[in-house]
Every structure is written in C-alpha cells, then in structure tokens.
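File shown here: upload09.tsv, holding TSV, C-alpha atoms.
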```tsv
chain	number	residue	atom	x	y	z
G	152	MET	CA	0.00	0.00	0.00
G	153	SER	CA	1.27	3.43	-0.90
G	154	VAL	CA	1.42	6.43	1.42
G	155	ILE	CA	-1.50	8.02	-0.41
G	156	GLU	CA	-3.67	4.94	0.06
G	157	ILE	CA	-2.87	4.76	3.76
G	158	SER	CA	-3.59	8.44	4.42
G	159	SER	CA	-6.79	8.23	2.38
G	160	GLY	CA	-7.80	5.20	4.47
G	161	VAL	CA	-7.16	7.12	7.69
G	162	LEU	CA	-9.25	10.07	6.46
G	163	LEU	CA	-12.09	7.77	5.41
G	164	ALA	CA	-12.04	5.99	8.79
G	165	LEU	CA	-12.09	9.26	10.74
G	166	GLY	CA	-14.89	10.65	8.57
G	167	THR	CA	-16.92	7.48	9.07
G	168	PHE	CA	-16.37	7.77	12.81
G	169	PHE	CA	-17.84	11.31	12.84
G	170	CYS	CA	-20.76	10.21	10.66
G	171	VAL	CA	-21.70	7.36	12.99
G	172	THR	CA	-21.22	9.66	16.01
G	173	GLY	CA	-23.71	12.08	14.48
G	174	GLY	CA	-26.19	9.24	13.97
G	175	ILE	CA	-25.80	8.11	17.57
G	176	GLY	CA	-26.21	11.68	18.77
G	177	LEU	CA	-29.40	11.94	16.77
G	178	LEU	CA	-30.74	9.02	18.82
G	179	ARG	CA	-29.22	9.81	22.23
G	180	LEU	CA	-29.80	13.54	22.64
G	181	PRO	CA	-33.00	14.40	24.48
G	182	ASP	CA	-34.82	17.09	22.47
G	183	PHE	CA	-35.20	18.45	18.96
G	184	TYR	CA	-32.83	21.42	19.25
G	185	SER	CA	-29.97	19.39	20.69
G	186	ARG	CA	-30.48	16.79	17.96
G	187	ALA	CA	-30.04	19.59	15.42
G	188	HIS	CA	-26.47	19.96	16.74
G	189	ALA	CA	-25.81	16.26	16.22
G	190	GLY	CA	-27.15	16.53	12.67
G	191	GLY	CA	-24.40	19.02	11.86
G	192	LEU	CA	-21.63	16.61	12.85
G	193	PRO	CA	-21.69	14.25	9.86
G	194	ASP	CA	-22.54	17.09	7.47
G	195	THR	CA	-19.41	19.06	8.33
G	196	LEU	CA	-16.34	17.20	9.52
G	197	GLY	CA	-17.63	13.75	8.59
G	198	ALA	CA	-18.35	14.72	4.99
G	199	THR	CA	-15.16	16.79	4.71
G	200	LEU	CA	-12.93	13.93	5.86
G	201	ILE	CA	-14.61	11.30	3.69
G	202	LEU	CA	-14.49	13.54	0.61
G	203	ALA	CA	-10.85	14.41	1.36
G	204	GLY	CA	-10.06	10.69	1.49
G	205	LEU	CA	-11.74	10.21	-1.89
G	206	VAL	CA	-9.86	13.21	-3.36
G	207	LEU	CA	-6.59	11.51	-2.41
G	208	LEU	CA	-7.76	8.34	-4.15
G	209	ALA	CA	-8.89	10.22	-7.27
G	210	GLY	CA	-5.70	12.19	-7.78
G	211	PRO	CA	-5.52	15.60	-9.45
G	212	ASN	CA	-8.25	15.57	-12.11
G	213	LEU	CA	-11.82	16.70	-12.77
G	214	ILE	CA	-13.16	14.03	-10.42
G	215	ALA	CA	-11.29	15.64	-7.52
G	216	VAL	CA	-12.79	19.01	-8.51
G	217	LYS	CA	-16.27	17.48	-8.43
G	218	LEU	CA	-15.61	15.98	-4.99
G	219	VAL	CA	-14.59	19.43	-3.73
G	220	MET	CA	-17.76	20.90	-5.25
G	221	VAL	CA	-19.88	18.29	-3.43
G	222	GLY	CA	-18.16	19.34	-0.21
G	223	VAL	CA	-18.73	23.04	-0.85
G	224	LEU	CA	-22.40	22.47	-1.70
G	225	LEU	CA	-22.90	20.41	1.46
G	226	HIS	CA	-21.29	23.17	3.55
G	227	VAL	CA	-23.49	25.85	2.03
G	228	THR	CA	-26.79	23.96	2.03
G	229	SER	CA	-26.50	22.11	5.36
G	230	PRO	CA	-26.54	25.13	7.75
G	231	THR	CA	-29.19	26.90	5.69
G	232	GLY	CA	-31.41	23.84	5.88
G	233	VAL	CA	-30.82	23.23	9.58
G	234	HIS	CA	-31.40	26.92	10.36
G	235	ALA	CA	-34.64	26.98	8.34
G	236	LEU	CA	-35.78	23.84	10.15
G	237	ALA	CA	-34.86	25.14	13.63
G	238	LYS	CA	-36.48	28.50	12.90
G	239	ALA	CA	-39.66	26.81	11.68
G	240	ALA	CA	-39.76	24.68	14.85
G	241	TYR	CA	-39.11	27.73	17.04
G	242	SER	CA	-41.78	29.88	15.41
G	243	ARG	CA	-44.22	26.97	15.66
G	244	GLY	CA	-43.61	26.91	19.41
G	245	VAL	CA	-41.53	23.76	19.89
G	246	ARG	CA	-40.25	24.46	23.40
G	247	ALA	CA	-36.50	24.65	23.92
G	248	GLU	CA	-35.60	22.93	27.19
G	249	GLU	CA	-32.89	24.69	29.19
G	250	ASP	CA	-30.67	23.00	31.75
G	251	SER	CA	-29.53	24.63	34.94
G	252	SER	CA	-25.78	24.98	35.41
G	253	GLU	CA	-23.96	21.78	36.22
D	61	MET	CA	-19.34	50.13	0.52
D	62	PRO	CA	-22.26	47.69	0.85
D	63	GLU	CA	-25.30	49.60	-0.34
D	64	THR	CA	-28.51	49.26	1.59
D	65	PRO	CA	-30.74	46.84	-0.29
D	66	VAL	CA	-33.75	48.52	-1.87
D	67	ARG	CA	-36.88	46.54	-2.68
D	68	GLY	CA	-38.28	46.70	-6.16
D	69	ARG	CA	-36.64	47.01	-9.58
D	70	ARG	CA	-32.89	47.24	-9.45
D	71	LYS	CA	-30.53	47.61	-12.34
D	72	PRO	CA	-27.91	44.85	-12.16
D	73	GLN	CA	-24.34	46.12	-12.25
D	74	PRO	CA	-22.21	44.86	-15.16
D	75	ALA	CA	-19.61	43.45	-12.75
D	76	HIS	CA	-22.20	41.23	-11.08
D	77	VAL	CA	-23.63	40.03	-14.41
D	78	LEU	CA	-20.13	39.25	-15.65
D	79	ALA	CA	-19.22	37.44	-12.42
D	80	THR	CA	-22.40	35.35	-12.63
D	81	PHE	CA	-21.61	34.34	-16.20
D	82	ALA	CA	-17.95	33.59	-15.45
D	83	TRP	CA	-18.88	31.47	-12.45
D	84	LEU	CA	-21.53	29.52	-14.36
D	85	ALA	CA	-19.19	28.95	-17.30
D	86	LEU	CA	-16.40	27.74	-15.02
D	87	VAL	CA	-18.68	25.34	-13.16
D	88	TRP	CA	-20.20	24.11	-16.43
D	89	TRP	CA	-16.79	23.30	-17.85
D	90	LEU	CA	-15.46	21.69	-14.67
D	91	TRP	CA	-18.49	19.46	-14.37
D	92	SER	CA	-18.68	18.43	-18.03
D	93	GLY	CA	-15.03	18.43	-19.10
D	94	HIS	CA	-15.99	18.70	-22.79
D	95	THR	CA	-13.82	20.53	-25.33
D	96	GLU	CA	-15.76	20.02	-28.61
D	97	PRO	CA	-16.80	23.38	-30.12
D	98	MET	CA	-20.46	22.37	-30.54
D	99	ILE	CA	-20.88	21.15	-26.96
D	100	ILE	CA	-19.12	24.28	-25.64
D	101	GLY	CA	-21.55	26.33	-27.74
D	102	PHE	CA	-24.45	24.60	-25.99
D	103	GLY	CA	-22.76	25.31	-22.66
D	104	VAL	CA	-22.34	29.01	-23.40
D	105	ALA	CA	-25.94	29.20	-24.57
D	106	SER	CA	-27.24	27.59	-21.38
D	107	CYS	CA	-25.09	29.88	-19.22
D	108	LEU	CA	-26.46	32.92	-21.06
D	109	LEU	CA	-30.00	31.62	-20.58
D	110	VAL	CA	-29.43	31.23	-16.82
D	111	VAL	CA	-27.88	34.72	-16.57
D	112	TRP	CA	-30.90	36.18	-18.38
D	113	LEU	CA	-33.29	34.33	-16.04
D	114	SER	CA	-31.33	35.47	-12.97
D	115	VAL	CA	-31.41	39.10	-14.08
D	116	ARG	CA	-35.15	38.76	-14.65
D	117	MET	CA	-35.51	37.25	-11.13
D	118	GLU	CA	-33.56	40.23	-9.72
D	119	VAL	CA	-31.07	38.03	-7.91
D	120	VAL	CA	-28.00	39.39	-9.68
D	121	ASP	CA	-26.74	41.80	-7.02
D	122	ASP	CA	-24.11	41.68	-4.34
D	123	GLU	CA	-26.23	39.24	-2.34
D	124	GLY	CA	-26.58	36.75	-5.16
D	125	GLU	CA	-23.06	37.22	-6.50
D	126	PRO	CA	-21.00	38.46	-3.54
D	127	ILE	CA	-17.87	39.51	-5.40
D	128	SER	CA	-17.12	42.09	-2.71
D	129	VAL	CA	-16.36	39.38	-0.14
D	130	ALA	CA	-14.83	36.79	-2.48
D	131	LEU	CA	-11.24	37.64	-1.61
D	132	GLY	CA	-11.93	37.91	2.11
D	133	LEU	CA	-13.46	34.42	2.07
D	134	LEU	CA	-10.05	32.98	1.22
D	135	GLY	CA	-8.83	34.07	4.63
D	136	TYR	CA	-12.05	33.37	6.51
D	137	VAL	CA	-12.86	29.85	5.29
D	138	PRO	CA	-9.68	28.13	6.61
D	139	TRP	CA	-10.22	29.70	10.03
D	140	LEU	CA	-13.88	28.60	9.99
D	141	LEU	CA	-12.95	25.04	8.96
D	142	LEU	CA	-10.52	24.85	11.88
D	143	GLU	CA	-13.22	26.09	14.27
D	144	ILE	CA	-15.64	23.52	12.83
D	145	ALA	CA	-13.11	20.74	13.35
D	146	LYS	CA	-12.54	21.77	16.98
D	147	ALA	CA	-16.30	22.01	17.65
D	148	ASN	CA	-16.85	18.63	15.99
D	149	ILE	CA	-14.36	16.95	18.31
D	150	HIS	CA	-15.98	18.65	21.32
D	151	VAL	CA	-19.52	17.58	20.38
D	152	ALA	CA	-18.37	14.06	19.48
D	153	GLY	CA	-16.85	13.82	22.96
D	154	VAL	CA	-20.15	14.92	24.49
D	155	ILE	CA	-22.14	12.35	22.50
D	156	TRP	CA	-19.85	9.45	23.36
D	157	SER	CA	-19.56	10.27	27.07
D	158	PRO	CA	-21.88	7.98	29.07
D	159	ARG	CA	-23.53	10.66	31.24
D	160	LEU	CA	-24.17	13.05	28.31
D	161	PRO	CA	-22.83	16.30	29.85
D	162	ILE	CA	-25.02	18.79	28.01
D	163	ARG	CA	-26.21	22.17	29.26
D	164	ARG	CA	-28.71	23.54	26.75
D	165	ARG	CA	-29.20	27.27	26.72
D	166	LEU	CA	-30.94	29.89	24.58
D	167	PHE	CA	-29.13	33.19	24.34
D	168	SER	CA	-28.65	36.16	22.03
D	169	VAL	CA	-25.39	37.31	20.51
D	170	PRO	CA	-24.96	40.84	19.13
D	171	THR	CA	-24.07	41.22	15.47
D	172	SER	CA	-21.95	44.05	14.10
D	173	GLN	CA	-22.44	43.43	10.36
D	174	ALA	CA	-23.87	46.23	8.25
D	175	SER	CA	-25.42	44.20	5.42
D	176	GLU	CA	-27.87	41.31	5.20
D	177	LEU	CA	-25.17	39.35	3.42
D	178	GLY	CA	-22.79	39.74	6.38
D	179	ASN	CA	-25.55	38.75	8.75
D	180	ALA	CA	-26.33	35.66	6.71
D	181	ILE	CA	-22.65	34.64	6.63
D	182	TYR	CA	-22.45	35.03	10.41
D	183	ALA	CA	-25.65	33.09	11.09
D	184	ASN	CA	-24.61	30.30	8.72
D	185	SER	CA	-21.20	30.09	10.37
D	186	ILE	CA	-22.87	29.77	13.77
D	187	THR	CA	-25.09	26.95	12.54
D	188	LEU	CA	-22.26	25.26	10.66
D	189	THR	CA	-20.25	25.01	13.88
D	190	PRO	CA	-21.64	22.03	15.79
D	191	GLY	CA	-22.79	22.95	19.30
D	192	THR	CA	-24.48	26.19	18.27
D	193	VAL	CA	-27.53	26.65	16.04
D	194	ALA	CA	-28.92	30.04	14.98
D	195	LEU	CA	-32.65	30.00	15.71
D	196	ASP	CA	-33.74	33.50	14.75
D	197	VAL	CA	-31.87	36.25	12.94
D	198	ARG	CA	-33.07	39.64	14.15
D	199	ARG	CA	-32.05	43.18	13.35
D	200	ASP	CA	-28.83	43.28	15.36
D	201	THR	CA	-28.90	40.12	17.43
D	202	ILE	CA	-29.07	36.43	16.63
D	203	LEU	CA	-30.93	34.02	18.89
D	204	VAL	CA	-28.72	30.97	19.39
D	205	HIS	CA	-29.26	27.55	20.92
D	206	ALA	CA	-26.12	26.12	22.49
D	207	LEU	CA	-25.58	22.50	23.43
D	208	THR	CA	-22.91	22.95	26.09
D	209	GLN	CA	-21.37	25.68	28.18
D	210	ASP	CA	-18.16	25.47	26.15
D	211	SER	CA	-20.04	26.04	22.88
D	212	GLN	CA	-21.80	29.08	24.37
D	213	GLU	CA	-18.62	30.61	25.78
D	214	GLY	CA	-16.77	29.99	22.54
D	215	LEU	CA	-19.34	32.02	20.63
D	216	GLU	CA	-19.62	34.74	23.26
D	217	THR	CA	-15.97	35.71	22.84
D	218	GLY	CA	-17.23	37.43	19.67
D	219	GLU	CA	-14.26	36.44	17.56
D	220	MET	CA	-16.42	35.00	14.78
D	221	ASP	CA	-18.49	38.20	14.74
D	222	ARG	CA	-15.37	40.35	14.36
D	223	ARG	CA	-13.98	38.17	11.60
D	224	VAL	CA	-17.22	38.22	9.58
D	225	THR	CA	-17.45	42.02	9.92
D	226	LYS	CA	-13.89	42.34	8.70
D	227	LEU	CA	-14.72	40.01	5.82
D	228	GLU	CA	-17.81	42.02	4.93
D	229	ARG	CA	-15.91	45.32	4.69
D	230	GLY	CA	-13.97	43.69	1.86
D	231	TRP	CA	-10.96	45.07	0.09
D	232	GLY	CA	-12.25	48.63	-0.14
D	233	GLU	CA	-11.92	49.85	3.42
D	234	ALA	CA	-9.75	47.24	5.13
K	252	MET	CA	-11.37	1.11	3.67
K	253	LEU	CA	-13.99	2.10	1.11
K	254	GLU	CA	-16.07	-0.88	2.23
K	255	PHE	CA	-15.74	0.21	5.86
K	256	ALA	CA	-16.77	3.77	4.98
K	257	SER	CA	-19.85	2.65	3.07
K	258	ILE	CA	-20.92	0.35	5.92
K	259	GLY	CA	-20.43	3.21	8.39
K	260	ILE	CA	-22.52	5.54	6.22
K	261	LEU	CA	-25.23	2.88	5.96
K	262	VAL	CA	-25.23	2.50	9.76
K	263	THR	CA	-25.61	6.28	10.10
K	264	MET	CA	-28.51	6.22	7.64
K	265	SER	CA	-30.20	3.45	9.62
K	266	LEU	CA	-29.80	5.45	12.85
K	267	ALA	CA	-31.37	8.44	11.09
K	268	LEU	CA	-34.26	6.24	9.93
K	269	VAL	CA	-34.84	5.06	13.50
K	270	ARG	CA	-35.06	8.69	14.63
K	271	ALA	CA	-37.42	9.44	11.74
K	272	LEU	CA	-39.67	6.59	12.90
K	273	LEU	CA	-39.52	7.56	16.59
K	274	GLY	CA	-40.26	11.24	16.03
K	275	PRO	CA	-41.69	12.58	18.30
K	276	THR	CA	-42.21	15.94	16.54
K	277	VAL	CA	-42.47	16.37	12.79
K	278	TYR	CA	-39.29	18.48	12.93
K	279	ASP	CA	-37.33	15.54	14.33
K	280	ARG	CA	-38.48	13.50	11.38
K	281	ILE	CA	-37.50	16.17	8.86
K	282	LEU	CA	-34.10	16.57	10.56
K	283	ALA	CA	-33.54	12.83	10.35
K	284	LEU	CA	-34.55	12.74	6.68
K	285	ASN	CA	-32.24	15.67	5.96
K	286	LEU	CA	-29.35	13.73	7.50
K	287	PHE	CA	-30.45	10.66	5.56
K	288	SER	CA	-30.31	12.50	2.24
K	289	THR	CA	-26.91	14.12	2.84
K	290	LYS	CA	-25.57	10.66	3.75
K	291	THR	CA	-27.03	9.35	0.51
K	292	VAL	CA	-24.82	11.85	-1.32
K	293	LEU	CA	-21.72	10.57	0.49
K	294	LEU	CA	-22.77	6.97	-0.11
K	295	ILE	CA	-23.13	7.60	-3.86
K	296	ALA	CA	-19.65	9.16	-3.92
K	297	VAL	CA	-18.05	6.30	-1.96
K	298	ALA	CA	-19.92	3.63	-3.92
K	299	GLY	CA	-18.75	5.22	-7.15
K	300	PHE	CA	-15.15	4.64	-6.11
K	301	LEU	CA	-15.97	1.20	-4.74
K	302	THR	CA	-17.31	0.02	-8.09
K	303	GLY	CA	-14.68	1.92	-10.07
K	304	ARG	CA	-17.20	4.30	-11.63
K	305	PRO	CA	-16.47	7.80	-10.24
K	306	GLU	CA	-18.84	9.29	-12.85
K	307	TRP	CA	-21.55	8.65	-10.26
K	308	LEU	CA	-20.37	11.89	-8.65
K	309	ASP	CA	-22.62	13.77	-11.07
K	310	LEU	CA	-25.55	12.01	-9.43
K	311	ALA	CA	-24.20	12.98	-6.00
K	312	LEU	CA	-24.04	16.66	-7.01
K	313	LEU	CA	-27.55	16.57	-8.39
K	314	TYR	CA	-28.81	14.79	-5.29
K	315	THR	CA	-27.35	17.46	-2.99
K	316	LEU	CA	-29.22	20.19	-4.84
K	317	ILE	CA	-32.48	18.26	-5.04
K	318	SER	CA	-32.48	17.31	-1.36
K	319	PHE	CA	-31.78	20.92	-0.35
K	320	ILE	CA	-34.59	22.28	-2.50
K	321	SER	CA	-37.01	19.61	-1.28
K	322	LEU	CA	-36.13	20.41	2.35
K	323	LEU	CA	-36.94	24.07	1.76
K	324	ALA	CA	-40.13	23.10	-0.07
K	325	VAL	CA	-41.30	20.94	2.83
K	326	LEU	CA	-40.52	23.70	5.34
K	327	ARG	CA	-42.28	26.30	3.21
K	328	PHE	CA	-45.28	24.04	2.97
K	329	SER	CA	-45.32	23.47	6.73
K	330	LYS	CA	-45.13	27.23	7.32
K	331	TYR	CA	-47.51	28.66	4.74
K	332	GLY	CA	-49.65	25.64	3.90
K	333	ASN	CA	-48.93	25.95	0.18
K	334	LEU	CA	-46.00	26.17	-2.21
K	335	GLY	CA	-47.18	28.67	-4.78
K	336	ASP	CA	-47.76	31.97	-2.97
K	337	ASP	CA	-45.23	34.72	-3.27
K	338	GLU	CA	-43.77	35.39	0.15
K	339	ARG	CA	-43.49	39.09	-0.61
K	340	ALA	CA	-47.22	39.34	-1.25
K	341	LYS	CA	-47.85	38.38	2.39
K	342	ARG	CA	-45.80	41.18	3.91
```

Could you rewrite the structure in this file as structure tokens?
Amino acid sequence: MSVIEISSGVLLALGTFFCVTGGIGLLRLPDFYSRAHAGGLPDTLGATLILAGLVLLAGPNLIAVKLVMVGVLLHVTSPTGVHALAKAAYSRGVRAEEDSSE
Amino acid sequence: MPETPVRGRRKPQPAHVLATFAWLALVWWLWSGHTEPMIIGFGVASCLLVVWLSVRMEVVDDEGEPISVALGLLGYVPWLLLEIAKANIHVAGVIWSPRLPIRRRLFSVPTSQASELGNAIYANSITLTPGTVALDVRRDTILVHALTQDSQEGLETGEMDRRVTKLERGWGEA
Amino acid sequence: MLEFASIGILVTMSLALVRALLGPTVYDRILALNLFSTKTVLLIAVAGFLTGRPEWLDLALLYTLISFISLLAVLRFSKYGNLGDDERAKR
C-alpha cells in the first residue's frame, strides 16, 4: 500500500467515525434542538474527511474538482437547511428545554 | 461600501452580471469536461439563458453574486474550517460520554455586520459550527441555541463576529 | 477502507431512519430525513469509487441540490400551507 492509500484510508475511517457519532447523537440527545447539533456533525467534519479521502484516491483531475464541489455544496446547504428547520420549529412553538448549570 | 438593499426594480451592475456568467461557465466546464466546439456552444448558450433568467428574477446583485467578499473568504474559510473541526471533536466527545454532559441554553449574541449578506454569513457560520444553532436572525442580534457551556462561551468571545465584519468590509476599506 | 466507509454511512442512515420513525415531533423527522439524504450523497460518492465508476459523482451533485430544494419546499409548505404563494405578497 502506498502512502497516499494509507492516508486516504485514515481520512475515510475518521470521517466514518464522525458520521456514525452524528447518527448516535441523533438518537441519544434528548430534544429536537440538541439533535439539530448532532445533525451538523456528519454534514461538516464527517463529509469533509470522507471527501478528502476520496480526493486523495482520485488524484488531481476533474473528479477531484467534483468531490470538492460536493463538499462546498454540502457546507453551504446544510446550515441553511438546519437553520430553516430550527427556525420553523421555534416559530411553531416547539419548546427549547434549558438545563440549569452543572 | 455595501449599499442598503432597496426593494423593487434594481438595475444589475455589469460586474455582477459578468461574475455570474464567469462562475456559471467555469462550473459548467469543470463538471462536463468537454472541449468540442459544438458542446461548448451549448454550454455558453445555457449559461447565457441562466444569466438572463437570474437578471429577470432580480437576484444578480451583491447578495446573489458576492464579489465584494470573495477575496476575504479565502482568509475566513480556513479559520472557519478549523473552528468547525474543533467544535466537531468537542460535540463528538459529548455524545460518546456515558452521562451526556449537556447544558442547553438559549441566548442572544450581538451582530456588528452592516449588510444582510454579512448577517447571513455570520448566522450560517454559527449553525455550521456544531454545538451552536442560529434560531432567529433579528435586526442586530441572533438568537442561538447552544448544546454545552463550552459552545456558548466559545461564541460569546465574539471572535467569529469580528472576523465576519472584517470580511464584509472587503478590500475597499480594510 | 472504502467498504468500511460505506458500511459506516449505511449504519448512520439506519440510525437516522430510527429517529425518523420515533419522532416525536415532525421536525425531528425532517431533521432525520435531511441527515439521511446528505448521507445518501456521500454513499453515492463512496460507492462510485468502490465500483470503479467515479462518474456517479454527477448524481451525487444533483442529489445534494435536489435534497436541499425539497427540504426548503417541505418547510415552506409546513409554514404557509402551500407552495405557490409569493412570500413578498404576504408582507
């Protein structure tokens, strides 16, 4: 295995770890707003790391450019979508639980 | 430099129209990779059609084609990506820890941006960073939901706000 | 490692589906479906490399845009009760 393959494998593994963490957070966290935080995890670092791993595999060509574009699109659309969703929930009166200080 | 947005008919500036076309053409070529003259002709025609539609929809202005912040983004995005990485590790630690040490809080942060575009960049950056979600963007505050105390304190230092404001001023007044 | 990544993404998608089934609010379900669709994009990209056909990335790009627009459409529908009205007319 070459250096590129190994580093791409490490990036893919780390990205997968953050994706699964986000999925677990989506199940574990107690209310809608905190789950919205968990939803951002795989969309940001998870996706970035996985796409970076694929870019290393693809090498410098148009495919790598497309991978970067997928990443950029995800980073632009994901917060807009999550914000629109959270705002809709807030204006529809989904109550945000607040914890007292630990 | 950022003009106050006026509702109603606006004349698109040539720079914005040109930037829209250049951007579309670049993306078209990168995604298709064709070099035959006929196919490129189709590409140019479709880009022109989209530019015409965008002008008709009145979205060709500094908000739709933010050329004034394009250079500043080159400095801002790496910093933001680093912040996102740090916040990701923090939230991942919270999710994996058995007793789930969260402290949810709603709070407002002040915004110092002059334009709607700057405000939108700031709110999106807040949401993009795990641990904080922008709930409501108001005139000069943003209502934020934070997952933990660390996330809240990180945002309340106001560093992100300052950086976005600097970015928004662009090359003209920096 | 590509196999591992695609299995991990599939696990994440299953977790999102569980949350979509559990609810409890409609916003939880939409959030879960949003996560599901962004993971679909990543899965298409990884599967393209896995099968040696990276051209599938075009599908991934298209899917990102479609899922974003459909999310906004669903939210607009849940807020205004229709999709056609001009928002500016309501101000």

For Gly197 in chain G: contacts at 7 Å, all atoms listed in the file, fewer than 2 positions along chain excluded, given as a short mmCIF file (atom, residue, chain, number, x, y, z; two decimals) with C-alpha atoms, in the coordinates of the input:
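Generated file (around.cif):
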```
data_model
loop_
_atom_site.label_atom_id
_atom_site.label_comp_id
_atom_site.auth_asym_id
_atom_site.auth_seq_id
_atom_site.Cartn_x
_atom_site.Cartn_y
_atom_site.Cartn_z
CA GLY G 166 -14.89 10.65 8.57
CA THR G 167 -16.92 7.48 9.07
CA PHE G 169 -17.84 11.31 12.84
CA CYS G 170 -20.76 10.21 10.66
CA LEU G 192 -21.63 16.61 12.85
CA PRO G 193 -21.69 14.25 9.86
CA ASP G 194 -22.54 17.09 7.47
CA THR G 195 -19.41 19.06 8.33
CA THR G 199 -15.16 16.79 4.71
CA LEU G 200 -12.93 13.93 5.86
CA ILE G 201 -14.61 11.30 3.69
#
```

>> Counting all atoms listed in the file, a student should be able to say which residues of chain G come within 9 Å of chain K; what is the right answer, written as a VMD selection string?
In response: chain G and resid 159 to 161 163 to 164 166 to 168 170 to 175 177 to 178 182 to 184 186 to 187 190 to 191 193 to 194 198 201 to 202 205 208 to 209 214 217 to 218 220 to 221 224 to 225 228 to 229 231 to 233 235 to 237 239 to 240 243 245

Just want the 8 Å neighbourhood of range 80-83 of chain D, counted on all atoms listed in the file, with same-chain residues fewer than 4 positions away dropped. Output as a PDB file with C-alpha atoms, in the coordinates of the input.
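Okay, this is what ended up in out_34.pdb:
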```pdb
ATOM      1  CA  HIS D  76     -22.200  41.230 -11.080  1.00  0.00           C
ATOM      2  CA  VAL D  87     -18.680  25.340 -13.160  1.00  0.00           C
ATOM      3  CA  CYS D 107     -25.090  29.880 -19.220  1.00  0.00           C
ATOM      4  CA  LEU D 108     -26.460  32.920 -21.060  1.00  0.00           C
ATOM      5  CA  VAL D 111     -27.880  34.720 -16.570  1.00  0.00           C
ATOM      6  CA  VAL D 120     -28.000  39.390  -9.680  1.00  0.00           C
ATOM      7  CA  GLU D 125     -23.060  37.220  -6.500  1.00  0.00           C
TER       8      GLU D 125
END
```

> What is the distance, in Å and to one decimal place, between CA of His150 in chain D and CA of Gly135 in chain D?
Replying inline: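 That distance, rounded to one decimal, is 23.8 Å.
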
>> Taking all atoms listed in the file into account, find every residue of chain D that has an atom no more than 10 Å from chain G, and write it out as a PyMOL selection string.
In response: chain D and resi 87+89-93+141-142+144-149+151-156+160-166+180-181+183-197+203+205-209

>> Taking all atoms listed in the file into account, name the residue in K:Leu310, K:Ala324, K:Ile317, K:Leu284 that is nearest to chain D.
In response: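 Nearest to chain D: K:Leu310.
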
>> Rounded to one decimal, what separation in Å do you get between CA of Leu78 in chain D and CA of Leu131 in chain D?
In response: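 Result for CA of Leu78 in chain D versus CA of Leu131 in chain D: 16.7 Å, one decimal.
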
>> Please report the interatomic distance between CA of Leu227 in chain D and CA of Gly132 in chain D in Å with one decimal.
In response: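 Atom-to-atom, CA of Leu227 in chain D to CA of Gly132 in chain D, that is 5.1 Å.
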
> Of the residues D:Glu143, D:Gln173, D:Val137, D:Leu113, which is the one nearest to Ser211 in chain D, using only C-alpha atoms?
Replying inline: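 Selected residue with least distance to Ser211 in chain D: D:Glu143.
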
> So which residues touch Ser168 in chain D within 7 Å, counting all atoms listed in the file, skipping near sequence neighbours fewer than 3 positions away, as a ChimeraX atom specification?
Replying inline: /D:201-204

Reconstruct range 287-298 of chain K at the level of N, CA, C and O atoms, and format the result as a short mmCIF file (atom, residue, chain, number, x, y, z; two decimals), in the frame of the given file.
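Resulting contents of part.cif:
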```
data_model
loop_
_atom_site.label_atom_id
_atom_site.label_comp_id
_atom_site.auth_asym_id
_atom_site.auth_seq_id
_atom_site.Cartn_x
_atom_site.Cartn_y
_atom_site.Cartn_z
N PHE K 287 -30.40 11.83 6.43
CA PHE K 287 -30.45 10.66 5.56
C PHE K 287 -30.05 11.03 4.13
O PHE K 287 -29.25 10.35 3.49
N SER K 288 -30.59 12.18 3.64
CA SER K 288 -30.31 12.50 2.24
C SER K 288 -28.88 12.99 2.04
O SER K 288 -28.27 12.69 1.01
N THR K 289 -28.30 13.72 3.04
CA THR K 289 -26.91 14.12 2.84
C THR K 289 -25.99 12.89 2.91
O THR K 289 -24.97 12.83 2.23
N LYS K 290 -26.38 11.89 3.73
CA LYS K 290 -25.57 10.66 3.75
C LYS K 290 -25.71 9.91 2.45
O LYS K 290 -24.78 9.23 2.03
N THR K 291 -26.88 10.00 1.81
CA THR K 291 -27.03 9.35 0.51
C THR K 291 -26.00 9.89 -0.48
O THR K 291 -25.40 9.14 -1.24
N VAL K 292 -25.80 11.23 -0.43
CA VAL K 292 -24.82 11.85 -1.32
C VAL K 292 -23.44 11.24 -1.09
O VAL K 292 -22.75 10.84 -2.04
N LEU K 293 -23.04 11.15 0.20
CA LEU K 293 -21.72 10.57 0.49
C LEU K 293 -21.65 9.12 0.05
O LEU K 293 -20.64 8.66 -0.49
N LEU K 294 -22.76 8.39 0.24
CA LEU K 294 -22.77 6.97 -0.11
C LEU K 294 -22.59 6.81 -1.62
O LEU K 294 -21.84 5.94 -2.07
N ILE K 295 -23.28 7.68 -2.40
CA ILE K 295 -23.13 7.60 -3.86
C ILE K 295 -21.67 7.84 -4.23
O ILE K 295 -21.10 7.11 -5.05
N ALA K 296 -21.04 8.85 -3.59
CA ALA K 296 -19.65 9.16 -3.92
C ALA K 296 -18.75 7.98 -3.59
O ALA K 296 -17.93 7.56 -4.42
N VAL K 297 -18.91 7.42 -2.37
CA VAL K 297 -18.05 6.30 -1.96
C VAL K 297 -18.32 5.08 -2.84
O VAL K 297 -17.38 4.41 -3.30
N ALA K 298 -19.59 4.81 -3.12
CA ALA K 298 -19.92 3.63 -3.92
C ALA K 298 -19.39 3.77 -5.33
O ALA K 298 -19.01 2.77 -5.95
#
```
